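Student: Okay, handing you the structure first.
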Amino acid sequence: MAGFVWRLTRGRGAKQFSLAVCGVLAVVIAFLGRAEASLFDNARATLSDWTGPGLTQLRAPLLALEQWIDNIGTIFTVYRENIQLRQENAELQKWQNVALSLENRMQRYELLLHAVPDARLASITARIIGESNRPFIKTLILNAGTAQQVKKGQAVVDDRGLLGRIYVSGERTSWVILLTDMNSKVPVVIEPSHRRAILTGDNTPSPRLELDVGDGPIKAGDRVISTGDGGLLPSDVPVGVVMGEGDDVRVALSARPDTADFVHVIDYHIPEPPPAIGPVAGTPAVGPAAARDATPPAAVAAIVAPKPTTQVNTAPLQSQNLTEPQFDGQNEEQDR
Amino acid sequence: MTNAVDMLEHLFTHPLRFLSSALPVGLALLLVMLANLPVSFTGGALPAPALALAAVYFWVLVRPDLVPPFAVLMVGLMEDLLSGGPPGLWAAGFLAAYALTDRQRETFAGLAGAGALLGFAGAMLLAGGTAYILATMIYVRFPPLPPLLLESVSTVVFYPLVALSMGWVHRKIVGPMRGGE
């Protein structure tokens, strides 16, 4: 044994010396990367900007091969899947009618209560050009960066729900840390108990819920949505559903990073506090009757028009007008 | 410094030879990019294999003179940066595997068939183990082990494919161009 260790460690000139130096360098870089993350984030952003075109070119033929292999697999299950999809479609059409009716009712209530509408959020559609499903990290690389107004911390969603958030933004590419990553912690709310929790990734497909505030009951199948707490993410973005009970409560995520091709980066800002309000000349009338009477056209338009929290853009990134403001920040007074 | 001057002189006097000597590292870097493409043939069930390690292992056995430790560090760092992980983890892992393979080159090179696969599995486990210990130290907690084991398995499964491709490059390009050395 001692002889084997000796053979491994004994020097063999310049090569052994450079191997030892490189080994020490790698360890130093590992600790330095933890302490000074921004240093390597810049290098990572530059590298992904540089390799971005190559990744896009390499991806096309491999994607075609992947789809071909997937199709072979689905040939044998297509009949069963078709029946299942028809049933799901009938069920969803029922739910669509319910949702439309509830949306109308909600609009009427908001009108009656003069409720402040949700700020309409701008989003940027980007293509996934890289993916890392590794033991120590779960990330995606997008083909949009600071040149397309993508910034660190922004939420990333697919058509089903929240995927993660941007943690490095280069000029033309950006990196998304997924909710499943062991470094991801996101504040969420569980409905209908309205209990708050932290969704903590642990590199498994279903992140853990660390229950935080409230004592409402939680059961499998409850909805999990994002909350604006901490100003990180917009609220009410679907995250998933609760699975498991007891001490190990986990979330089956709605988003599917392995099947997503395009994602939306949400440009979210914490709403600014309203300016100080001066003395009111007269006490406004309250109650449903007053609300019915007080319906100036501008206020009605401001309340009814902006609704969805996430704008789903199906157009490719290049065709999107990024300068067009979707949240009417110039007329905040009127919006309120 | 002298080495850099020699390399530049070599580049201008024997450009094809220079390119063929850079091919092993270039191919390893290409495999780093391939492994990080958003494509999964297992529907996301298996993590992407560390293809670059398979290339490094092959070339250290066949032509160790073309894979200096600094190049292995660079390949490992590119793997770390492009996979989004903490920098240095796979760089250290690749260097550990390199050290083992380089020291026991005769033993590993003599293996064939399932033995060759087991030899690479040993190098992969050493690389993964080194990265895992380093990750535990910098995160100050134990990362989950199953994803690392799955990645090791998927890398070992892909090794024959990488070894066959690299073997072809060695026979057809690198060997003839650098013949007589």
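Each chain in the structure tokens gets a letter, A, B and so on, in the order shown; residues start at 1 in every chain, and ligands are counted from 1 in the order they appear.
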What are the residues of chain B that have an atom within 8 Å of an atom of chain A, counting only C-alpha atoms, as a VMD selection string?
Tutor: chain B and resid 33 to 34 36 to 41 43 to 44 47 to 48 68 to 70 73 81 to 89 91 to 92 95 to 96 99 to 100 103 134 to 135 138 143 to 145 147 to 148 151
Student: Considering only C-alpha atoms, return as a ChimeraX atom specification whatever protein or nucleic-acid residues lie within 7 Å of range 219-227 of chain A, sequence-local ones (same chain, fewer than 6 positions apart) excluded.
Tutor: /A:187-192,233-245
Student: Go ahead and save the picked residues with C-alpha atoms, as an mmCIF file, in the first residue's frame.
Tutor:
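Result file follows (result_25.cif):
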data_model
loop_
_atom_site.group_PDB
_atom_site.id
_atom_site.type_symbol
_atom_site.label_atom_id
_atom_site.label_comp_id
_atom_site.auth_asym_id
_atom_site.auth_seq_id
_atom_site.Cartn_x
_atom_site.Cartn_y
_atom_site.Cartn_z
ATOM 1 C CA PRO A 187 -40.834 32.315 -1.332
ATOM 2 C CA VAL A 188 -44.213 30.754 -2.194
ATOM 3 C CA VAL A 189 -47.811 30.631 -0.967
ATOM 4 C CA ILE A 190 -49.880 27.461 -0.660
ATOM 5 C CA GLU A 191 -53.531 27.766 -1.643
ATOM 6 C CA PRO A 192 -56.227 27.538 -0.312
ATOM 7 C CA LEU A 233 -40.558 37.492 -8.115
ATOM 8 C CA PRO A 234 -44.011 38.594 -9.247
ATOM 9 C CA SER A 235 -46.834 37.103 -7.211
ATOM 10 C CA ASP A 236 -49.417 34.541 -8.393
ATOM 11 C CA VAL A 237 -47.206 32.752 -10.902
ATOM 12 C CA PRO A 238 -48.123 29.018 -10.781
ATOM 13 C CA VAL A 239 -45.329 26.905 -9.308
ATOM 14 C CA GLY A 240 -46.869 23.449 -8.845
ATOM 15 C CA VAL A 241 -48.920 21.271 -6.527
ATOM 16 C CA VAL A 242 -48.158 19.848 -3.086
ATOM 17 C CA MET A 243 -47.176 16.204 -2.870
ATOM 18 C CA GLY A 244 -46.374 14.192 0.224
ATOM 19 C CA GLU A 245 -47.299 14.886 3.833
#
Student: Could you tell me how far CA of Gly161 in chain A sits from CA of Arg256 in chain A, in Å to one decimal place?
Tutor: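 Between these atoms lies a distance of 8.4 Å.
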Student: Which residues in chain B does DSSP call helix (DSSP H, G or I)? List them as a VMD selection string.
Tutor: chain B and resid 2 to 13 15 to 35 51 to 62 64 to 66 69 to 83 89 to 103 105 to 109 114 to 139 146 to 177
Student: Quick one: of A:Arg208, A:His114, A:Arg195, A:Arg127, who's nearest to Phe262 in chain A, counting only C-alpha atoms?
Tutor: A:Arg127
Student: Could you tell me how far CA of Trp90 in chain B lies from CA of Arg172 in chain A, in Å and to one decimal?
Tutor: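 Computed distance, CA of Trp90 in chain B to CA of Arg172 in chain A, equals 25.7 Å.
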Student: Report as JSON, numbers by chain all protein, DNA and RNA residues lying within 8 Å of Gly153 in chain A, evaluated on only C-alpha atoms, omitting residues in the same chain fewer than 3 positions from it.
Tutor: {"A": [165, 166, 167, 232]}
